[in-house]
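Novice: Pasting run-v7.txt below, which is compact mmCIF, C-alpha atoms and all ligand atoms.
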```txt
# COMPACT_ATOMS: atom_id res chain seq x y z
CA MET A 84 -74.47 -150.45 -29.74
CA ALA A 85 -78.10 -149.41 -29.53
CA SER A 86 -80.57 -152.23 -30.10
CA LYS A 87 -82.50 -152.31 -33.37
CA ILE A 88 -86.07 -151.06 -33.55
CA SER A 89 -88.87 -152.97 -35.24
CA VAL A 90 -90.87 -151.10 -37.90
CA ASP A 91 -93.85 -151.98 -40.13
CA LEU A 92 -92.57 -151.01 -43.56
CA ILE A 93 -89.22 -150.07 -45.02
CA ILE A 94 -88.75 -148.55 -48.46
CA LYS A 95 -85.08 -148.67 -49.37
CA ASN A 96 -82.52 -148.02 -52.11
CA ALA A 97 -84.58 -145.17 -53.65
CA GLY A 98 -82.62 -143.65 -56.52
CA GLU A 99 -84.08 -140.30 -55.48
CA LEU A 100 -85.96 -139.92 -52.23
CA LEU A 101 -87.75 -136.55 -52.35
CA THR A 102 -88.49 -135.58 -48.76
CA LEU A 103 -89.79 -132.06 -49.56
CA SER A 104 -88.59 -131.40 -46.04
CA SER A 105 -87.17 -127.99 -45.20
CA SER A 106 -84.68 -129.69 -42.89
CA PHE A 107 -82.78 -131.25 -45.85
CA LYS A 108 -81.22 -128.39 -47.72
CA GLU A 109 -79.61 -129.33 -51.02
CA ASP A 110 -79.44 -128.23 -54.65
CA SER A 111 -82.68 -129.64 -56.05
CA GLY A 112 -84.83 -127.73 -53.53
CA LEU A 113 -86.77 -130.94 -52.98
CA GLY A 114 -84.90 -132.19 -49.93
CA MET A 115 -83.51 -135.04 -52.02
CA ILE A 116 -81.60 -137.97 -50.58
CA GLN A 117 -79.90 -140.17 -53.16
CA ASP A 118 -79.96 -143.86 -52.30
CA GLY A 119 -82.52 -143.01 -49.64
CA ALA A 120 -84.73 -145.03 -47.34
CA VAL A 121 -87.86 -144.50 -45.23
CA ALA A 122 -88.96 -146.46 -42.19
CA ILE A 123 -92.66 -146.44 -41.29
CA LYS A 124 -94.25 -147.38 -38.00
CA GLU A 125 -97.89 -147.28 -36.95
CA GLY A 126 -98.93 -145.30 -40.00
CA ARG A 127 -96.36 -142.55 -39.52
CA ILE A 128 -92.96 -141.71 -40.96
CA PHE A 129 -90.54 -142.98 -38.33
CA TRP A 130 -87.19 -142.26 -39.93
CA VAL A 131 -85.75 -140.92 -43.21
CA GLY A 132 -82.13 -141.27 -44.29
CA LYS A 133 -79.55 -143.15 -46.33
CA ALA A 134 -80.30 -146.73 -47.38
CA GLY A 135 -76.98 -147.91 -45.94
CA GLU A 136 -78.17 -147.07 -42.39
CA VAL A 137 -81.36 -149.10 -42.52
CA SER A 138 -79.99 -152.54 -41.61
CA LYS A 139 -78.06 -151.06 -38.67
CA LYS A 140 -81.08 -149.33 -37.19
CA PHE A 141 -84.17 -151.41 -37.92
CA PHE A 142 -85.52 -154.89 -38.22
CA LEU A 143 -88.69 -156.23 -39.74
CA ASP A 144 -90.81 -158.77 -37.91
CA ARG A 145 -93.18 -161.35 -39.37
CA ASP A 146 -95.90 -158.93 -40.48
CA SER A 147 -93.58 -156.20 -41.73
CA ARG A 148 -92.83 -155.48 -45.36
CA GLU A 149 -89.97 -154.15 -47.38
CA ILE A 150 -90.03 -152.46 -50.79
CA ASP A 151 -86.90 -152.21 -52.89
CA ALA A 152 -87.10 -148.92 -54.80
CA ALA A 153 -83.75 -149.27 -56.60
CA GLY A 154 -83.58 -146.94 -59.60
CA LYS A 155 -86.91 -145.35 -58.69
CA VAL A 156 -88.25 -142.13 -57.18
CA VAL A 157 -89.95 -142.08 -53.77
CA MET A 158 -91.90 -138.98 -52.75
CA PRO A 159 -94.87 -137.81 -50.62
CA GLY A 160 -98.38 -138.73 -51.84
CA LEU A 161 -99.93 -136.16 -54.15
CA ILE A 162 -102.44 -133.66 -52.74
CA ASP A 163 -105.21 -132.32 -54.98
CA ALA A 164 -106.06 -128.94 -53.48
CA HIS A 165 -109.21 -128.11 -55.48
CA THR A 166 -111.87 -130.53 -56.72
CA HIS A 167 -115.62 -130.50 -57.24
CA LEU A 168 -115.76 -134.21 -56.45
CA ILE A 169 -119.50 -134.75 -56.07
CA PHE A 170 -121.76 -134.23 -59.08
CA ALA A 171 -124.04 -136.31 -61.26
CA GLY A 172 -124.30 -136.43 -65.03
CA SER A 173 -121.69 -135.48 -67.58
CA ARG A 174 -121.42 -132.84 -70.29
CA GLU A 175 -119.67 -134.42 -73.28
CA ASN A 176 -122.34 -132.95 -75.59
CA GLU A 177 -121.37 -129.50 -74.41
CA PHE A 178 -117.71 -130.35 -74.96
CA GLU A 179 -118.49 -131.16 -78.59
CA GLN A 180 -120.59 -128.00 -79.00
CA ARG A 181 -117.77 -125.86 -77.62
CA ILE A 182 -115.28 -127.42 -80.06
CA GLN A 183 -117.70 -126.44 -82.82
CA GLY A 184 -117.65 -122.84 -81.64
CA LEU A 185 -120.81 -122.41 -79.53
CA SER A 186 -120.58 -119.81 -76.76
CA TYR A 187 -121.36 -120.59 -73.12
CA GLN A 188 -124.61 -118.56 -73.45
CA GLU A 189 -125.68 -120.64 -76.45
CA ILE A 190 -124.81 -123.84 -74.60
CA GLU A 191 -126.87 -122.69 -71.60
CA GLY A 192 -129.71 -121.84 -73.99
CA ARG A 193 -129.68 -125.45 -75.15
CA GLY A 194 -129.99 -126.68 -71.56
CA GLY A 195 -126.26 -127.17 -70.85
CA GLY A 196 -123.93 -125.39 -68.47
CA ILE A 197 -123.58 -125.55 -64.70
CA LEU A 198 -127.34 -125.57 -64.06
CA SER A 199 -127.69 -128.86 -65.98
CA THR A 200 -125.26 -130.43 -63.49
CA VAL A 201 -127.26 -128.90 -60.63
CA GLU A 202 -130.45 -130.50 -62.05
CA ALA A 203 -128.78 -133.91 -62.40
CA THR A 204 -127.26 -133.73 -58.92
CA ARG A 205 -130.53 -132.65 -57.30
CA HIS A 206 -132.26 -135.63 -58.92
CA SER A 207 -129.64 -138.13 -57.73
CA SER A 208 -129.90 -140.12 -54.54
CA PHE A 209 -127.31 -140.27 -51.79
CA ASP A 210 -126.30 -143.76 -52.95
CA GLU A 211 -125.89 -142.72 -56.59
CA LEU A 212 -123.67 -139.79 -55.63
CA PHE A 213 -121.69 -141.97 -53.23
CA SER A 214 -120.93 -144.51 -55.92
CA LEU A 215 -119.93 -141.80 -58.45
CA GLY A 216 -117.66 -140.20 -55.84
CA LYS A 217 -116.10 -143.52 -54.89
CA ARG A 218 -115.18 -144.34 -58.47
CA ARG A 219 -113.57 -140.92 -58.89
CA LEU A 220 -111.58 -141.39 -55.68
CA ASP A 221 -110.41 -144.83 -56.86
CA ARG A 222 -109.13 -143.32 -60.11
CA MET A 223 -107.35 -140.56 -58.18
CA LEU A 224 -105.68 -143.01 -55.82
CA CYS A 225 -104.23 -144.93 -58.78
CA LYS A 226 -102.76 -141.65 -60.02
CA GLY A 227 -100.98 -141.14 -56.71
CA VAL A 228 -103.40 -138.87 -54.83
CA THR A 229 -103.56 -139.51 -51.07
CA THR A 230 -105.44 -136.37 -49.90
CA LEU A 231 -107.81 -134.01 -51.67
CA GLU A 232 -110.00 -131.02 -51.03
CA ALA A 233 -113.61 -131.45 -52.23
CA LYS A 234 -116.29 -128.80 -52.65
CA SER A 235 -120.07 -129.03 -52.60
CA GLY A 236 -121.86 -126.61 -54.90
CA TYR A 237 -124.05 -128.55 -57.31
CA GLY A 238 -127.03 -128.68 -54.94
CA LEU A 239 -127.68 -124.97 -54.29
CA SER A 240 -130.54 -125.70 -51.89
CA LEU A 241 -130.32 -126.54 -48.21
CA ARG A 242 -131.46 -130.11 -48.80
CA ASP A 243 -129.17 -130.81 -51.76
CA GLU A 244 -126.06 -129.11 -50.39
CA MET A 245 -126.49 -131.13 -47.17
CA LYS A 246 -126.92 -134.30 -49.24
CA ILE A 247 -123.64 -133.65 -51.09
CA LEU A 248 -121.73 -132.85 -47.89
CA LYS A 249 -123.08 -135.99 -46.23
CA VAL A 250 -121.93 -138.06 -49.22
CA MET A 251 -118.48 -136.53 -48.74
CA LYS A 252 -118.58 -137.40 -45.06
CA ALA A 253 -119.50 -141.02 -45.84
CA LEU A 254 -116.68 -141.21 -48.40
CA ARG A 255 -114.29 -139.64 -45.92
CA GLU A 256 -115.14 -142.35 -43.41
CA SER A 257 -114.86 -145.24 -45.86
CA HIS A 258 -112.29 -144.43 -48.54
CA LEU A 259 -108.52 -144.56 -48.10
CA ILE A 260 -108.05 -141.05 -49.54
CA ASP A 261 -108.39 -138.26 -46.96
CA ILE A 262 -111.02 -135.71 -47.98
CA VAL A 263 -110.98 -132.09 -46.76
CA PRO A 264 -114.56 -130.78 -47.18
CA THR A 265 -115.51 -127.30 -48.38
CA PHE A 266 -118.97 -125.73 -48.54
CA LEU A 267 -119.49 -123.97 -51.88
CA GLY A 268 -123.17 -123.08 -51.74
CA ALA A 269 -122.05 -119.82 -53.38
CA HIS A 270 -121.02 -121.58 -56.61
CA THR A 271 -123.69 -119.81 -58.69
CA PHE A 272 -127.25 -118.54 -58.18
CA PRO A 273 -129.77 -121.37 -58.67
CA LYS A 274 -132.32 -120.74 -61.41
CA GLU A 275 -135.20 -120.21 -58.95
CA PHE A 276 -133.33 -117.25 -57.40
CA ARG A 277 -131.66 -115.66 -60.45
CA GLU A 278 -134.11 -112.77 -60.25
CA ASN A 279 -133.98 -112.61 -56.47
CA ARG A 280 -130.37 -112.65 -55.40
CA ALA A 281 -131.09 -111.25 -51.94
CA HIS A 282 -133.26 -114.26 -51.16
CA TYR A 283 -130.49 -116.73 -51.99
CA MET A 284 -127.96 -114.65 -50.05
CA GLY A 285 -130.26 -114.91 -47.02
CA LEU A 286 -130.60 -118.63 -47.49
CA LEU A 287 -126.81 -119.05 -47.65
CA ILE A 288 -126.03 -116.87 -44.65
CA GLU A 289 -128.95 -117.59 -42.36
CA GLU A 290 -129.69 -121.23 -43.10
CA MET A 291 -127.07 -123.14 -45.01
CA ILE A 292 -123.86 -121.93 -43.34
CA PRO A 293 -125.20 -122.36 -39.77
CA GLN A 294 -126.47 -125.85 -40.51
CA VAL A 295 -123.30 -126.98 -42.30
CA ALA A 296 -121.26 -125.73 -39.35
CA GLN A 297 -123.55 -127.23 -36.75
CA GLU A 298 -123.31 -130.67 -38.33
CA ARG A 299 -119.55 -130.23 -38.85
CA LEU A 300 -119.83 -131.09 -42.52
CA ALA A 301 -117.24 -128.64 -43.83
CA GLU A 302 -113.97 -127.09 -42.79
CA PHE A 303 -113.85 -124.33 -45.40
CA CYS A 304 -116.34 -121.95 -46.99
CA ASP A 305 -115.67 -121.04 -50.62
CA VAL A 306 -117.32 -118.57 -52.98
CA PHE A 307 -117.20 -118.08 -56.76
CA CYS A 308 -116.29 -114.39 -56.79
CA GLU A 309 -116.85 -113.16 -60.33
CA GLU A 310 -118.84 -110.49 -62.15
CA LYS A 311 -121.26 -113.15 -63.43
CA ALA A 312 -121.48 -115.06 -60.14
CA PHE A 313 -121.06 -113.43 -56.69
CA THR A 314 -119.93 -109.81 -56.54
CA LEU A 315 -117.05 -108.74 -54.34
CA GLU A 316 -119.50 -107.38 -51.77
CA GLU A 317 -121.63 -110.54 -51.76
CA SER A 318 -118.52 -112.73 -51.56
CA LYS A 319 -117.26 -110.83 -48.54
CA LYS A 320 -120.58 -111.18 -46.73
CA ILE A 321 -120.63 -114.94 -47.33
CA LEU A 322 -117.03 -115.50 -46.26
CA GLU A 323 -117.47 -113.36 -43.13
CA ALA A 324 -120.61 -115.33 -42.25
CA GLY A 325 -118.63 -118.57 -42.73
CA LYS A 326 -115.91 -117.26 -40.41
CA ARG A 327 -118.44 -116.47 -37.70
CA TYR A 328 -119.37 -120.16 -37.76
CA GLY A 329 -115.77 -121.40 -37.81
CA LEU A 330 -115.51 -122.10 -41.56
CA LYS A 331 -112.19 -120.92 -42.96
CA PRO A 332 -112.37 -118.88 -46.19
CA LYS A 333 -111.27 -119.90 -49.69
CA ILE A 334 -112.08 -118.03 -52.90
CA HIS A 335 -112.51 -118.74 -56.62
CA ALA A 336 -110.85 -115.46 -57.61
CA ASP A 337 -110.15 -113.50 -60.80
CA GLN A 338 -110.77 -116.40 -63.19
CA LEU A 339 -112.61 -114.65 -66.01
CA SER A 340 -111.99 -110.98 -65.24
CA PRO A 341 -109.90 -108.85 -62.85
CA GLY A 342 -112.33 -108.53 -59.96
CA GLY A 343 -110.28 -107.87 -56.83
CA GLY A 344 -110.75 -111.45 -55.65
CA ALA A 345 -107.12 -111.88 -54.59
CA GLU A 346 -107.27 -108.64 -52.58
CA LEU A 347 -110.42 -109.88 -50.87
CA ALA A 348 -108.68 -113.19 -50.09
CA ALA A 349 -105.96 -111.25 -48.29
CA GLU A 350 -108.48 -109.02 -46.52
CA VAL A 351 -110.45 -111.93 -45.05
CA ASN A 352 -107.28 -113.97 -44.35
CA ALA A 353 -108.27 -116.75 -46.71
CA CYS A 354 -106.28 -119.97 -46.64
CA SER A 355 -106.11 -119.87 -50.45
CA ALA A 356 -107.20 -117.95 -53.53
CA ASP A 357 -107.82 -120.20 -56.51
CA HIS A 358 -107.69 -119.72 -60.34
CA LEU A 359 -106.15 -116.18 -60.50
CA GLU A 360 -105.89 -115.90 -64.30
CA TYR A 361 -106.58 -112.15 -64.05
CA VAL A 362 -104.99 -111.44 -60.66
CA SER A 363 -103.70 -107.87 -60.31
CA GLN A 364 -100.25 -106.79 -59.21
CA GLU A 365 -101.77 -105.44 -56.03
CA GLY A 366 -103.51 -108.78 -55.50
CA ILE A 367 -100.23 -110.70 -55.75
CA ASN A 368 -98.55 -108.30 -53.31
CA LYS A 369 -101.33 -108.66 -50.79
CA MET A 370 -101.38 -112.45 -51.10
CA ALA A 371 -97.63 -112.55 -50.46
CA GLU A 372 -97.96 -110.21 -47.48
CA LYS A 373 -100.84 -112.12 -45.87
CA ARG A 374 -99.44 -115.53 -46.84
CA VAL A 375 -102.49 -116.55 -48.83
CA ALA A 376 -101.68 -119.67 -50.88
CA ALA A 377 -102.43 -119.72 -54.62
CA VAL A 378 -104.14 -122.73 -56.17
CA LEU A 379 -103.75 -122.72 -59.96
CA LEU A 380 -105.89 -124.87 -62.22
CA PRO A 381 -104.27 -125.50 -65.60
CA GLY A 382 -106.85 -128.17 -66.51
CA ALA A 383 -109.55 -125.50 -66.78
CA SER A 384 -107.42 -123.26 -69.02
CA PHE A 385 -106.55 -126.26 -71.19
CA PHE A 386 -110.07 -127.70 -71.40
CA LEU A 387 -111.70 -124.34 -72.19
CA SER A 388 -108.87 -123.30 -74.55
CA MET A 389 -108.34 -120.12 -72.53
CA LYS A 390 -105.50 -117.99 -73.75
CA ARG A 391 -104.97 -116.15 -70.48
CA TYR A 392 -102.88 -117.95 -67.85
CA PRO A 393 -102.24 -116.98 -64.22
CA PRO A 394 -98.84 -115.31 -63.69
CA ALA A 395 -97.33 -118.28 -61.86
CA ARG A 396 -93.71 -117.16 -62.21
CA GLU A 397 -94.43 -113.77 -60.75
CA MET A 398 -96.26 -115.29 -57.80
CA ILE A 399 -93.43 -117.74 -57.12
CA GLU A 400 -90.89 -114.93 -57.31
CA ARG A 401 -92.95 -112.88 -54.85
CA GLY A 402 -92.88 -115.79 -52.41
CA VAL A 403 -96.50 -116.95 -52.77
CA ALA A 404 -96.90 -120.70 -52.12
CA VAL A 405 -98.22 -121.87 -55.49
CA SER A 406 -100.06 -125.17 -55.78
CA LEU A 407 -101.65 -126.95 -58.72
CA ALA A 408 -104.93 -128.87 -58.66
CA THR A 409 -107.25 -130.67 -61.08
CA ASP A 410 -110.42 -128.59 -60.47
CA LEU A 411 -112.18 -131.90 -61.27
CA ASN A 412 -115.68 -130.90 -62.52
CA PRO A 413 -117.90 -131.87 -65.44
CA GLY A 414 -117.92 -128.49 -67.19
CA SER A 415 -114.41 -127.08 -67.30
CA SER A 416 -111.96 -129.81 -66.21
CA MET A 417 -113.16 -133.39 -66.43
CA THR A 418 -110.08 -135.18 -65.12
CA GLU A 419 -108.79 -136.98 -62.04
CA SER A 420 -105.16 -136.76 -63.16
CA LEU A 421 -102.95 -134.55 -61.03
CA PRO A 422 -99.80 -135.74 -62.89
CA MET A 423 -101.30 -134.24 -66.07
CA MET A 424 -101.67 -130.92 -64.23
CA MET A 425 -97.98 -131.09 -63.35
CA THR A 426 -97.06 -131.33 -67.02
CA MET A 427 -99.44 -128.46 -67.86
CA GLY A 428 -97.98 -126.41 -65.01
CA CYS A 429 -94.62 -126.76 -66.78
CA THR A 430 -95.67 -126.21 -70.39
CA MET A 431 -98.40 -123.60 -69.87
CA PHE A 432 -97.43 -121.77 -66.68
CA LYS A 433 -93.64 -122.13 -67.11
CA MET A 434 -93.13 -123.72 -63.74
CA ILE A 435 -90.08 -125.99 -63.55
CA PRO A 436 -90.33 -129.67 -62.50
CA ARG A 437 -89.18 -128.96 -58.95
CA GLU A 438 -91.91 -126.33 -58.58
CA VAL A 439 -94.73 -128.54 -59.87
CA ILE A 440 -93.69 -131.23 -57.37
CA GLN A 441 -93.78 -128.71 -54.51
CA ALA A 442 -97.10 -127.47 -55.91
CA THR A 443 -98.76 -130.88 -55.55
CA THR A 444 -97.26 -131.82 -52.16
CA ILE A 445 -96.13 -129.36 -49.49
CA HIS A 446 -97.69 -126.24 -51.02
CA ALA A 447 -100.97 -128.06 -51.64
CA ALA A 448 -100.93 -129.13 -47.98
CA ARG A 449 -100.48 -125.49 -46.99
CA SER A 450 -103.41 -124.35 -49.13
CA MET A 451 -105.66 -126.48 -46.90
CA GLY A 452 -103.90 -125.92 -43.59
CA ARG A 453 -102.49 -129.46 -43.43
CA GLU A 454 -98.75 -128.73 -43.72
CA LYS A 455 -97.96 -130.04 -40.24
CA GLU A 456 -99.51 -133.41 -41.06
CA ILE A 457 -98.81 -134.20 -44.74
CA GLY A 458 -96.95 -132.94 -47.82
CA SER A 459 -93.39 -133.90 -46.87
CA LEU A 460 -91.51 -136.90 -45.54
CA ASP A 461 -90.61 -135.75 -42.03
CA ALA A 462 -90.51 -138.03 -39.02
CA GLY A 463 -93.88 -137.92 -37.26
CA LYS A 464 -95.95 -137.00 -40.31
CA GLN A 465 -98.60 -139.29 -41.78
CA ALA A 466 -96.94 -141.99 -43.92
CA ASP A 467 -98.50 -141.11 -47.29
CA LEU A 468 -96.02 -141.77 -50.07
CA LEU A 469 -95.43 -142.98 -53.60
CA VAL A 470 -92.93 -145.22 -55.34
CA LEU A 471 -92.65 -144.07 -58.96
CA ASP A 472 -91.12 -146.17 -61.70
CA ILE A 473 -89.05 -143.32 -63.14
CA PRO A 474 -85.29 -142.65 -63.07
CA ASN A 475 -85.42 -139.08 -61.65
CA TYR A 476 -87.92 -136.43 -60.60
CA ARG A 477 -87.75 -134.36 -63.80
CA TYR A 478 -89.01 -137.39 -65.66
CA LEU A 479 -92.42 -137.22 -63.91
CA PRO A 480 -93.89 -134.16 -65.72
CA TYR A 481 -91.76 -134.88 -68.80
CA HIS A 482 -93.21 -138.28 -69.76
CA PHE A 483 -96.86 -137.26 -69.68
CA GLY A 484 -100.23 -138.94 -70.08
CA VAL A 485 -99.02 -142.33 -68.81
CA ASP A 486 -98.93 -143.81 -65.32
CA HIS A 487 -95.67 -143.98 -63.42
CA VAL A 488 -97.11 -144.90 -60.03
CA GLU A 489 -95.96 -148.30 -58.84
CA TYR A 490 -97.01 -148.13 -55.18
CA VAL A 491 -99.25 -145.83 -53.20
CA ILE A 492 -98.70 -146.04 -49.44
CA LYS A 493 -101.49 -144.50 -47.37
CA LYS A 494 -101.07 -144.16 -43.60
CA GLY A 495 -98.35 -146.79 -43.78
CA GLU A 496 -100.41 -149.37 -45.68
CA ILE A 497 -99.96 -150.40 -49.31
CA ALA A 498 -103.13 -148.92 -50.85
CA TYR A 499 -102.24 -149.56 -54.49
CA HIS A 500 -99.70 -151.71 -56.29
CA ARG A 501 -99.63 -151.55 -60.06
CA SER A 502 -100.55 -154.80 -61.70
CA TYR A 503 -98.45 -155.56 -64.70
CA PHE A 504 -99.35 -156.34 -68.27
CA LEU A 505 -98.44 -159.98 -68.66
CA GLY A 506 -96.69 -159.51 -71.98
CA ARG A 507 -98.28 -162.49 -73.67
CA GLU A 508 -97.17 -162.95 -77.20
CA ARG A 509 -99.24 -163.88 -80.19
CA SER A 510 -99.26 -167.64 -80.70
ZN ZN B 1 -113.41 -124.74 -58.88
```
Would you write the structure of this file as structure tokens?
Specialist:
Amino acid sequence: MASKISVDLIIKNAGELLTLSSSFKEDSGLGMIQDGAVAIKEGRIFWVGKAGEVSKKFFLDRDSREIDAAGKVVMPGLIDAHTHLIFAGSRENEFEQRIQGLSYQEIEGRGGGILSTVEATRHSSFDELFSLGKRRLDRMLCKGVTTLEAKSGYGLSLRDEMKILKVMKALRESHLIDIVPTFLGAHTFPKEFRENRAHYMGLLIEEMIPQVAQERLAEFCDVFCEEKAFTLEESKKILEAGKRYGLKPKIHADQLSPGGGAELAAEVNACSADHLEYVSQEGINKMAEKRVAAVLLPGASFFLSMKRYPPAREMIERGVAVSLATDLNPGSSMTESLPMMMTMGCTMFKMIPREVIQATTIHAARSMGREKEIGSLDAGKQADLLVLDIPNYRYLPYHFGVDHVEYVIKKGEIAYHRSYFLGRERS
């Protein structure tokens, strides 16, 4: 008999172990192993299989740990594929004004809107932004997020965009959550260049993109392609410039009007097209053909009470990899909760529980080019996983607005363990 191997962490007896691996084909589509176990060594998934095999194959030494997940669900860590993590200030006044029926133009007229966040972010120091970002990351980790994509875009000047990206770099080096950085200098035109678009375009293409690339502060270049923001032509120029400097393209596409953003995403071979409320039939076809991932953001539709939703079912049926993300930002989706997005994906976009789990794991990994490293429980991948205190996977989006995360394991280490209410009674 082969000798047993020592590992660092074993999670065993999982009621449902969702591997999301394409090598486990079964009915749920989630690569599920009932009564499953995972063995972790040196921060990586070492083995996945049936709990009954564990004691025959592995042993734990003095520093190793074991988690009994009996009656619980074990799955890959959640991946938030679209956030605007770094900003200062908040816009609860605007939230109240919108409830009372004010339009975005009226809100802007009263000093609100995106430019108020730009002002607040420009006036914040590196340390202030770092501490705001850290608290947001902590909240996300407790909700089960182990990797996220984060965009700059509230600086809109060389100095302030660099400041935001450097804050992200410092967070990336210190926080347990992995951060995939995106340059979004083309978020909107700053107020000093609203009458001189060409000048800001020059600044983006000739100064900001080269410097961001030179200092290796971003992996992706994103643009808000919309009638009121960057035109199709401007968006293309920016994304092509990003590509010349090694930044992979992403696009905020077709959110408020049908603008050909999805078609452009396919044309420039973008990794993802995001939002897509008004995506055209042609756009969906081209995304499927060029394997552009879709990142849908139900939080923004919900928070802004938008009636128009992206055609998620159609995209799934056409074979587009659909992911869901929070779009965390102070104007249109002020939340760190990816589990809430899963419930909204079901109720608003008519995705089924299996699909919203794929959308926040393996598909989200694909939307940021990380599918070989994270997003499923395959031997060799990074050991990012969750133990959820729920009886089955459908229960996760079903019982919404509460926390089901019991453990978060990041690179093989226990990063979070839920502390329990002590249940003291009245004396
Ligand atoms: Zn966004």
Novice: Suppose you want the space between CA of Asp146 (chain A) and CA of Glu99 (chain A); what is it in Å?
Specialist: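 It comes out at 26.7 Å.
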Novice: Near region 317-329 of chain A, counting all atoms listed in the file, which residues have an atom at most 10 Å away, once you skip same-chain residues fewer than 2 positions from it, shown as a ChimeraX atom specification?
Specialist: /A:266,268-269,280-281,284-285,287-289,291-297,299,301-309,312-315,331-335,344,347-348,350-351,353
Novice: Please write out the residues within 12 Å of ligand ZN 1 (chain B) as a ChimeraX atom specification, counting only C-alpha atoms and all ligand atoms.
Specialist: /A:163-168,197,232-237,265-267,269-271,305-308,333-338,356-359,378-384,407-417
Novice: Report as a list in words all protein, DNA and RNA residues lying within 8 Å of Pro159 (chain A), evaluated on all atoms listed in the file, omitting residues in the same chain fewer than 2 positions from it.
Specialist: Leu101, Thr102, Leu103, Val157, Leu161, Thr444, Ile457, Gly458, Ser459, Leu460, Asp467, Leu468 and Leu469 of chain A
Novice: Would you list the residues near (-85.9, -131.6, -51.4), meaning any protein, DNA or RNA residue with an atom at most 10 Å from that point in file coordinates, counting all atoms listed in the file, as a count of residues only?
Specialist: 24
Novice: Quick one, how far is CA of Asp461 (chain A) from CA of Asp91 (chain A)?
Specialist: 16.7 Å
Novice: Mind giving me the straight-line distance from CA of Lys226 (chain A) to CA of His258 (chain A) in Å, one decimal?
Specialist: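 Pair CA of Lys226 (chain A) / CA of His258 (chain A) returns 15.2 Å.
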Novice: Around the point (-100.6, -149.2, -51.1), in the coordinates given by the file, pick out the residues reaching within 10 Å, counting all atoms listed in the file, and return them as a list in words.
Specialist: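 Counting all atoms listed in the file, I find these residues within 10 Å of (-100.6, -149.2, -51.1): Leu224, Cys225, Gly227, Leu259, Asp467, Leu468, Leu469, Val470, Glu489, Tyr490, Val491, Ile492, Lys493, Lys494, Gly495, Glu496, Ile497, Ala498, Tyr499, His500 and Arg501 of chain A.
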Novice: Which of these residues is nearest to Gln364 (chain A), using all atoms listed in the file: A:Ile169, A:Ala462, A:Met398, A:Ala376?
Specialist: A:Met398
Novice: Pick the closest to Cys354 (chain A) from A:Glu454, A:Asp472, A:Glu179, A:Glu189: which is it, counting only C-alpha atoms?
Specialist: A:Glu454
